[in-house]
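Right, one structure below, let's go through it.
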Amino acid sequence: MPGFNVNPSGGGYSAQGPSNLIAARRKHRWVFATLGRGTGQFSQSELLVLQSASRPNVKFEEAEMHHNQEVAYFAGKHSWDPVTLVWYDIEQDPDISRGLYHWIETVVNMQSMAVAHPRFYKKSAALVMLDGTGQTTEQWSMMGTWPAGCNWQELDYTSTDLMNLEATMRFDRAVRSRSDGSCVQAPSPQPITPNCPQG
């Protein structure tokens with residue numbers, strides 16, 4: 001049966017099996033290269049104490065066309081799920097609790113309850129995946145990011161676990177780029193030839 005290509009002939013299945021020299025991306029090789037916050041950016045020291053994050057997830061609404069016994073489905077509007085960011089709650093420099101509170105206050109001033117104009121709090125972010133040498137293999141550019149929520153987590157006298165902080169980040173659009181930052185273009189659609197018997 002087909003398998004990994006472990007020799008020049010690939011065990012007779014070189015055209016069907018993948019090379020045994022391929023490398024998969026790793027869950028721990030990533031970093032936010034940039035993340036806007038109000039009139040500035042999160043500092044590199046703040047971004048380096050992120051514990052976890054998620055890559056963008058997209059979903060489509062489904063438009064339905066009904067006819068007789070069948071239903072045909074078409075792509076409707078698409079939307080992006082929020083990204084959850086979890087930080088270690090560093091208490092020295094950088095003070096992550098203060099940094100996230102500052103991020104929230106770029107949207108609304110908690111003293112005056114004044115809500116900022118979107119041009120002041122909707123910013124851009126760049127999430128990159130890295131290989132073992134630290135080179136970028138994938139980049140996601142997220143536009144219109146802003147903090148839709150922040151959870152400072154519960155306290156517990158019986159636990160010695162490290163504290164962390166969780167923020168929910170909304171964004172309007174994400175674009176996947178090549179490692180050099182250039183945009184990935186979708187291939188031109190090819191005509192579909194029906195494979196059905198001719199009557």
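In the structure tokens, each chain is lettered A, B, ... as it comes, each chain's residues begin at 1, and ligands are numbered from 1 in order of appearance.
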
| field | Within 9 Å of range 71-85 of chain A using only C-alpha atoms, minus same-chain residues under 4 positions, as a ChimeraX atom specification | value | /A:50-67,148,165-174

| field | Residues near Gln41 in chain A, cut-off 12 Å, only C-alpha atoms, skip fewer than 2 positions along chain, as number ranges by chain | value | A: 32-39, 43-47, 99-100, 102-103, 106, 121-126, 145

| Within 10 Å of Asn164 in chain A using only C-alpha atoms, minus same-chain residues under 4 positions, as a ChimeraX atom specification | /A:50-51,86-90,96-97,151-154

Would you mind exporting the chosen residues as a tab-separated table (two decimals), in the first residue's frame, restricted to all heavy atoms?
```tsv
chain	number	residue	atom	x	y	z
A	50	LEU	N	2.77	35.67	26.04
A	50	LEU	CA	1.52	35.02	25.68
A	50	LEU	C	1.66	33.51	25.91
A	50	LEU	O	2.68	32.90	25.57
A	50	LEU	CB	1.20	35.28	24.21
A	50	LEU	CG	0.43	36.57	23.89
A	50	LEU	CD1	0.54	36.89	22.41
A	50	LEU	CD2	-1.03	36.43	24.30
A	51	GLN	N	0.64	32.92	26.49
A	51	GLN	CA	0.64	31.47	26.70
A	51	GLN	C	0.02	30.73	25.53
A	51	GLN	O	0.53	29.71	25.08
A	51	GLN	CB	-0.13	31.13	27.98
A	51	GLN	CG	-0.17	29.64	28.31
A	51	GLN	CD	-1.20	29.31	29.38
A	51	GLN	OE1	-2.40	29.45	29.16
A	51	GLN	NE2	-0.72	28.93	30.54
A	86	VAL	N	-4.38	34.25	25.65
A	86	VAL	CA	-4.14	33.98	27.07
A	86	VAL	C	-2.71	34.37	27.41
A	86	VAL	O	-1.76	33.89	26.79
A	86	VAL	CB	-4.39	32.50	27.42
A	86	VAL	CG1	-4.12	32.25	28.90
A	86	VAL	CG2	-5.82	32.09	27.07
A	87	TRP	N	-2.56	35.26	28.38
A	87	TRP	CA	-1.25	35.71	28.85
A	87	TRP	C	-0.92	35.12	30.21
A	87	TRP	O	-1.82	34.93	31.04
A	87	TRP	CB	-1.25	37.23	29.02
A	87	TRP	CG	-0.91	38.06	27.84
A	87	TRP	CD1	0.32	38.51	27.47
A	87	TRP	CD2	-1.83	38.62	26.88
A	87	TRP	NE1	0.23	39.29	26.35
A	87	TRP	CE2	-1.08	39.38	25.96
A	87	TRP	CE3	-3.21	38.54	26.72
A	87	TRP	CZ2	-1.67	40.06	24.90
A	87	TRP	CZ3	-3.81	39.20	25.66
A	87	TRP	CH2	-3.04	39.94	24.77
A	88	TYR	N	0.36	34.89	30.47
A	88	TYR	CA	0.81	34.71	31.84
A	88	TYR	C	0.70	36.06	32.54
A	88	TYR	O	1.09	37.09	31.98
A	88	TYR	CB	2.26	34.21	31.88
A	88	TYR	CG	2.43	32.79	31.40
A	88	TYR	CD1	3.01	32.51	30.17
A	88	TYR	CD2	2.00	31.72	32.18
A	88	TYR	CE1	3.16	31.20	29.73
A	88	TYR	CE2	2.15	30.41	31.75
A	88	TYR	CZ	2.73	30.16	30.52
A	88	TYR	OH	2.88	28.87	30.08
A	89	ASP	N	0.19	36.06	33.76
A	89	ASP	CA	-0.06	37.32	34.47
A	89	ASP	C	1.21	37.80	35.17
A	89	ASP	O	1.33	37.74	36.40
A	89	ASP	CB	-1.21	37.13	35.47
A	89	ASP	CG	-1.68	38.45	36.07
A	89	ASP	OD1	-1.20	39.50	35.64
A	89	ASP	OD2	-2.52	38.41	36.99
A	90	ILE	N	2.15	38.29	34.37
A	90	ILE	CA	3.42	38.80	34.92
A	90	ILE	C	3.12	40.05	35.75
A	90	ILE	O	2.36	40.93	35.33
A	90	ILE	CB	4.41	39.14	33.78
A	90	ILE	CG1	4.59	37.93	32.86
A	90	ILE	CG2	5.74	39.62	34.35
A	90	ILE	CD1	5.12	36.70	33.55
A	96	ILE	N	1.17	42.67	32.92
A	96	ILE	CA	0.19	42.26	31.93
A	96	ILE	C	-1.22	42.70	32.32
A	96	ILE	O	-2.02	43.11	31.48
A	96	ILE	CB	0.24	40.74	31.71
A	96	ILE	CG1	1.63	40.34	31.17
A	96	ILE	CG2	-0.84	40.29	30.75
A	96	ILE	CD1	1.98	40.99	29.85
A	97	SER	N	-1.56	42.64	33.61
A	97	SER	CA	-2.88	43.07	34.05
A	97	SER	C	-3.12	44.53	33.70
A	97	SER	O	-4.19	44.90	33.19
A	97	SER	CB	-3.02	42.87	35.57
A	97	SER	OG	-4.27	43.33	36.02
A	151	ASN	N	-10.96	38.69	30.78
A	151	ASN	CA	-11.26	37.94	31.99
A	151	ASN	C	-9.99	37.85	32.83
A	151	ASN	O	-9.01	37.25	32.40
A	151	ASN	CB	-11.77	36.54	31.62
A	151	ASN	CG	-12.24	35.73	32.82
A	151	ASN	OD1	-11.93	36.06	33.96
A	151	ASN	ND2	-12.98	34.68	32.57
A	152	TRP	N	-10.05	38.45	34.04
A	152	TRP	CA	-8.88	38.43	34.93
A	152	TRP	C	-8.80	37.14	35.75
A	152	TRP	O	-7.92	37.00	36.58
A	152	TRP	CB	-8.89	39.66	35.82
A	152	TRP	CG	-8.26	40.86	35.18
A	152	TRP	CD1	-6.96	41.27	35.32
A	152	TRP	CD2	-8.87	41.80	34.30
A	152	TRP	NE1	-6.74	42.40	34.57
A	152	TRP	CE2	-7.90	42.75	33.93
A	152	TRP	CE3	-10.16	41.94	33.77
A	152	TRP	CZ2	-8.15	43.81	33.08
A	152	TRP	CZ3	-10.42	42.99	32.92
A	152	TRP	CH2	-9.43	43.91	32.58
A	153	GLN	N	-9.69	36.21	35.54
A	153	GLN	CA	-9.69	34.86	36.11
A	153	GLN	C	-9.96	34.86	37.63
A	153	GLN	O	-9.84	35.87	38.32
A	153	GLN	CB	-8.37	34.13	35.80
A	153	GLN	CG	-8.02	34.06	34.33
A	153	GLN	CD	-8.97	33.18	33.53
A	153	GLN	OE1	-9.83	32.51	34.08
A	153	GLN	NE2	-8.83	33.20	32.21
A	154	GLU	N	-10.29	33.67	38.11
A	154	GLU	CA	-10.67	33.52	39.52
A	154	GLU	C	-9.44	33.34	40.41
A	154	GLU	O	-8.37	32.93	39.95
A	154	GLU	CB	-11.60	32.33	39.68
A	154	GLU	CG	-10.95	30.98	39.38
A	154	GLU	CD	-11.89	29.81	39.56
A	154	GLU	OE1	-13.12	30.04	39.65
A	154	GLU	OE2	-11.40	28.66	39.60
```
